[in-house]
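Peer 1: Shown below is the structure under consideration.
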Amino acid sequence: MSEREPNLDVDVEIRDDRTAVLTVEGELDMETAGRLEDLLAEQFGQGRRRLVLDLAALGFMDSSGLNVLIRAVNRARETGGDLYLAAPTPAVRRILEITGVTTTIPPHDGVADALAAAGGAR
């Protein structure tokens with residue numbers, strides 16, 4: 001299933017009952033952050049608590065996107081799960097590092113690494 005939003009494309013791949021990979025492409029900003037937040041909430045609503053965000057094609061993220069990540073990791077951890085970031089682009093990684101988000105949500109080199117950290121779901 002693929003959801004389109006101006007400058008944002010999110011593909012959701014269900015890995016198992018508790019795990020999903022969301023591939024985020026484009027720009028995560030004030031205009032598009034709400035859509036990603038809705039998709040994450042939908043996954044939580046379906047009982048998935050281990051969510052991997054593949055950021056390899058995310059070219060830009062502002063504070064609205066950071067807020068979505070922070071709310072999502074808090075919600076996941078409150079329910080016994082976690083949020084995993086995979087392969088952030090250099091620009092996105094820099095924002096994550098500057099803001100200190102990498103101390104809370106350490107990025108993984110790729111989806112396979114993030115899934116392994118999530119408990120081996122492949």
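We name chains A, B, ... following the order of the structure tokens; residues begin at 1 in each chain, and ligands are numbered from 1 as shown.
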Taking only chain A into account, list the residues labelled helix (DSSP H, G or I) by DSSP (computed from the backbone), as a ChimeraX atom specification.

Peer 2: /A:33-45,63-78,90-98,101-104,111-117

Peer 1: Using only C-alpha atoms, tabulate the residues of region 18-113 of chain A lying at most 7 Å from any atom of region 8-13 of chain A, each with its closest atom pair and that distance in Å to one decimal, by chain and increasing residue number, as CSV.

Peer 2:
```
residue,atom,partner,partner_atom,distance
A:Ala20,CA,A:Glu13,CA,5.6
A:Val21,CA,A:Glu13,CA,5.1
A:Leu22,CA,A:Val12,CA,4.6
A:Thr23,CA,A:Asp11,CA,5.1
A:Val24,CA,A:Val10,CA,4.7
A:Glu25,CA,A:Asp9,CA,5.1
A:Gly26,CA,A:Leu8,CA,4.7
A:Glu27,CA,A:Leu8,CA,5.5
A:Leu28,CA,A:Leu8,CA,6.7
A:Thr32,CA,A:Leu8,CA,6.4
```

Peer 1: With N, CA and C atoms kept, could you save the residues just selected as a PDB file, in the first residue's frame?

Peer 2:
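Dumped to out.pdb:
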```pdb
ATOM      1  N   ALA A  20       6.355  -3.480  11.291  1.00  0.00           N
ATOM      2  CA  ALA A  20       6.121  -2.903   9.966  1.00  0.00           C
ATOM      3  C   ALA A  20       7.323  -2.036   9.589  1.00  0.00           C
ATOM      4  N   VAL A  21       7.575  -1.965   8.287  1.00  0.00           N
ATOM      5  CA  VAL A  21       8.608  -1.077   7.746  1.00  0.00           C
ATOM      6  C   VAL A  21       7.889  -0.008   6.933  1.00  0.00           C
ATOM      7  N   LEU A  22       8.142   1.243   7.275  1.00  0.00           N
ATOM      8  CA  LEU A  22       7.584   2.363   6.532  1.00  0.00           C
ATOM      9  C   LEU A  22       8.725   3.034   5.784  1.00  0.00           C
ATOM     10  N   THR A  23       8.663   3.006   4.470  1.00  0.00           N
ATOM     11  CA  THR A  23       9.674   3.641   3.627  1.00  0.00           C
ATOM     12  C   THR A  23       9.193   5.053   3.331  1.00  0.00           C
ATOM     13  N   VAL A  24       9.973   6.023   3.776  1.00  0.00           N
ATOM     14  CA  VAL A  24       9.590   7.435   3.682  1.00  0.00           C
ATOM     15  C   VAL A  24      10.467   8.106   2.630  1.00  0.00           C
ATOM     16  N   GLU A  25       9.814   8.701   1.633  1.00  0.00           N
ATOM     17  CA  GLU A  25      10.546   9.313   0.524  1.00  0.00           C
ATOM     18  C   GLU A  25      10.055  10.727   0.289  1.00  0.00           C
ATOM     19  N   GLY A  26      10.979  11.644   0.067  1.00  0.00           N
ATOM     20  CA  GLY A  26      10.609  13.020  -0.244  1.00  0.00           C
ATOM     21  C   GLY A  26      10.991  13.974   0.852  1.00  0.00           C
ATOM     22  N   GLU A  27      10.006  14.771   1.301  1.00  0.00           N
ATOM     23  CA  GLU A  27      10.245  15.800   2.306  1.00  0.00           C
ATOM     24  C   GLU A  27       9.281  15.628   3.465  1.00  0.00           C
ATOM     25  N   LEU A  28       9.823  15.580   4.675  1.00  0.00           N
ATOM     26  CA  LEU A  28       9.020  15.459   5.882  1.00  0.00           C
ATOM     27  C   LEU A  28       9.052  16.816   6.573  1.00  0.00           C
ATOM     28  N   THR A  32       3.643  17.774   5.446  1.00  0.00           N
ATOM     29  CA  THR A  32       3.533  16.328   5.261  1.00  0.00           C
ATOM     30  C   THR A  32       3.622  15.512   6.542  1.00  0.00           C
TER      31      THR A  32
END
```

Peer 1: Which residues are near Leu39 (chain A)? Cut-off 9 Å, only C-alpha atoms, ignore same chain within fewer than 2 positions. Put them as a ChimeraX atom specification.

Peer 2: /A:3,10,12,22,34-37,41-44

Peer 1: For the residues in the current selection, export N, CA, C and O atoms as an mmCIF file, in the first residue's frame.

Peer 2:
```
data_model
loop_
_atom_site.group_PDB
_atom_site.id
_atom_site.type_symbol
_atom_site.label_atom_id
_atom_site.label_comp_id
_atom_site.auth_asym_id
_atom_site.auth_seq_id
_atom_site.Cartn_x
_atom_site.Cartn_y
_atom_site.Cartn_z
ATOM 1 N N GLU A 3 0.866 5.522 0.167
ATOM 2 C CA GLU A 3 0.091 6.728 0.443
ATOM 3 C C GLU A 3 0.859 7.914 -0.118
ATOM 4 O O GLU A 3 2.032 8.068 0.153
ATOM 5 N N VAL A 10 4.975 7.432 1.225
ATOM 6 C CA VAL A 10 5.227 6.480 2.295
ATOM 7 C C VAL A 10 4.669 5.134 1.877
ATOM 8 O O VAL A 10 3.490 5.016 1.553
ATOM 9 N N VAL A 12 4.100 1.262 3.174
ATOM 10 C CA VAL A 12 4.027 0.481 4.401
ATOM 11 C C VAL A 12 4.110 -0.995 4.045
ATOM 12 O O VAL A 12 3.321 -1.488 3.254
ATOM 13 N N LEU A 22 8.142 1.243 7.275
ATOM 14 C CA LEU A 22 7.584 2.363 6.532
ATOM 15 C C LEU A 22 8.725 3.034 5.784
ATOM 16 O O LEU A 22 9.679 3.532 6.397
ATOM 17 N N GLY A 34 1.883 15.387 9.251
ATOM 18 C CA GLY A 34 0.622 14.829 9.738
ATOM 19 C C GLY A 34 0.280 13.511 9.083
ATOM 20 O O GLY A 34 -0.254 12.595 9.737
ATOM 21 N N ARG A 35 0.586 13.376 7.818
ATOM 22 C CA ARG A 35 0.283 12.123 7.109
ATOM 23 C C ARG A 35 1.135 10.988 7.652
ATOM 24 O O ARG A 35 0.620 9.882 7.881
ATOM 25 N N LEU A 36 2.426 11.220 7.873
ATOM 26 C CA LEU A 36 3.266 10.170 8.443
ATOM 27 C C LEU A 36 2.774 9.820 9.845
ATOM 28 O O LEU A 36 2.708 8.649 10.214
ATOM 29 N N GLU A 37 2.420 10.832 10.612
ATOM 30 C CA GLU A 37 1.922 10.574 11.968
ATOM 31 C C GLU A 37 0.654 9.711 11.928
ATOM 32 O O GLU A 37 0.490 8.800 12.729
ATOM 33 N N ALA A 41 0.231 6.031 13.568
ATOM 34 C CA ALA A 41 -0.873 5.774 14.496
ATOM 35 C C ALA A 41 -1.703 4.576 14.023
ATOM 36 O O ALA A 41 -2.155 3.762 14.842
ATOM 37 N N GLU A 42 -1.881 4.467 12.726
ATOM 38 C CA GLU A 42 -2.612 3.326 12.162
ATOM 39 C C GLU A 42 -1.899 2.009 12.489
ATOM 40 O O GLU A 42 -2.536 1.028 12.862
ATOM 41 N N GLN A 43 -0.581 2.008 12.376
ATOM 42 C CA GLN A 43 0.184 0.793 12.700
ATOM 43 C C GLN A 43 0.069 0.462 14.189
ATOM 44 O O GLN A 43 -0.114 -0.691 14.555
ATOM 45 N N PHE A 44 0.155 1.469 15.041
ATOM 46 C CA PHE A 44 -0.026 1.242 16.479
ATOM 47 C C PHE A 44 -1.419 0.694 16.749
ATOM 48 O O PHE A 44 -1.596 -0.220 17.551
#
```

Peer 1: What gap, in Å, lies between CA of Gly65 (chain A) and CA of Arg18 (chain A)?

Peer 2: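 So the two atoms, CA of Gly65 (chain A) and CA of Arg18 (chain A), lie 23.3 Å apart.
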
Peer 1: For CA of Thr104 (chain A) and CA of Arg48 (chain A), quote the distance in Å rounded to one decimal.

Peer 2: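 Distance reported for this atom pair: 19.9 Å.
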
Peer 1: So, counting only C-alpha atoms, which residue among A:Ala116, A:Leu96, A:Met30, A:Arg49 is closest to Asp82 (chain A)?

Peer 2: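 So, comparing all the options, the nearest one is A:Arg49.
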
Peer 1: Identify which of the residues A:Ala72, A:Leu66, A:Leu55, A:Ala33 lies closest to Val101 (chain A), counting only C-alpha atoms when measuring atom-to-atom distances.

Peer 2: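 Under the stated criterion, the closest residue is A:Leu66.
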
Peer 1: Nearest to Asp109 (chain A): which of A:Leu83, A:Val92, A:Ala56, A:Val68 is it, counting only C-alpha atoms?

Peer 2: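 Among A:Leu83, A:Val92, A:Ala56, A:Val68, it is A:Ala56 that comes nearest to Asp109 (chain A).
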
Peer 1: Enumerate the residues of region 14-67 of chain A with a DSSP assignment of strand (DSSP E), computed from the backbone, and present them as a ChimeraX atom specification.

Peer 2: /A:14-16,19-28,50-61

Peer 1: Write the residues you've just listed into a file as a PDB file, in the first residue's frame, and include C-alpha atoms for each of them.

Peer 2:
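The result, stored in part-v8.pdb:
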```
ATOM      1  CA  ILE A  14       3.862  -5.391   7.129  1.00  0.00           C
ATOM      2  CA  ARG A  15       6.553  -7.830   8.306  1.00  0.00           C
ATOM      3  CA  ASP A  16       4.578  -9.637  11.020  1.00  0.00           C
ATOM      4  CA  THR A  19       6.466  -5.247  12.942  1.00  0.00           C
ATOM      5  CA  ALA A  20       6.121  -2.903   9.966  1.00  0.00           C
ATOM      6  CA  VAL A  21       8.608  -1.077   7.746  1.00  0.00           C
ATOM      7  CA  LEU A  22       7.584   2.363   6.532  1.00  0.00           C
ATOM      8  CA  THR A  23       9.674   3.641   3.627  1.00  0.00           C
ATOM      9  CA  VAL A  24       9.590   7.435   3.682  1.00  0.00           C
ATOM     10  CA  GLU A  25      10.546   9.313   0.524  1.00  0.00           C
ATOM     11  CA  GLY A  26      10.609  13.020  -0.244  1.00  0.00           C
ATOM     12  CA  GLU A  27      10.245  15.800   2.306  1.00  0.00           C
ATOM     13  CA  LEU A  28       9.020  15.459   5.882  1.00  0.00           C
ATOM     14  CA  ARG A  50       8.119  -2.392  16.313  1.00  0.00           C
ATOM     15  CA  LEU A  51       8.190   0.171  13.551  1.00  0.00           C
ATOM     16  CA  VAL A  52      11.137   0.660  11.215  1.00  0.00           C
ATOM     17  CA  LEU A  53      11.374   3.906   9.267  1.00  0.00           C
ATOM     18  CA  ASP A  54      13.481   3.518   6.133  1.00  0.00           C
ATOM     19  CA  LEU A  55      14.828   7.030   5.544  1.00  0.00           C
ATOM     20  CA  ALA A  56      17.172   6.244   2.636  1.00  0.00           C
ATOM     21  CA  ALA A  57      15.091   8.374   0.246  1.00  0.00           C
ATOM     22  CA  LEU A  58      14.111  11.159   2.645  1.00  0.00           C
ATOM     23  CA  GLY A  59      15.792  14.287   1.335  1.00  0.00           C
ATOM     24  CA  PHE A  60      14.593  16.795   3.909  1.00  0.00           C
ATOM     25  CA  MET A  61      13.159  16.872   7.416  1.00  0.00           C
TER      26      MET A  61
END
```
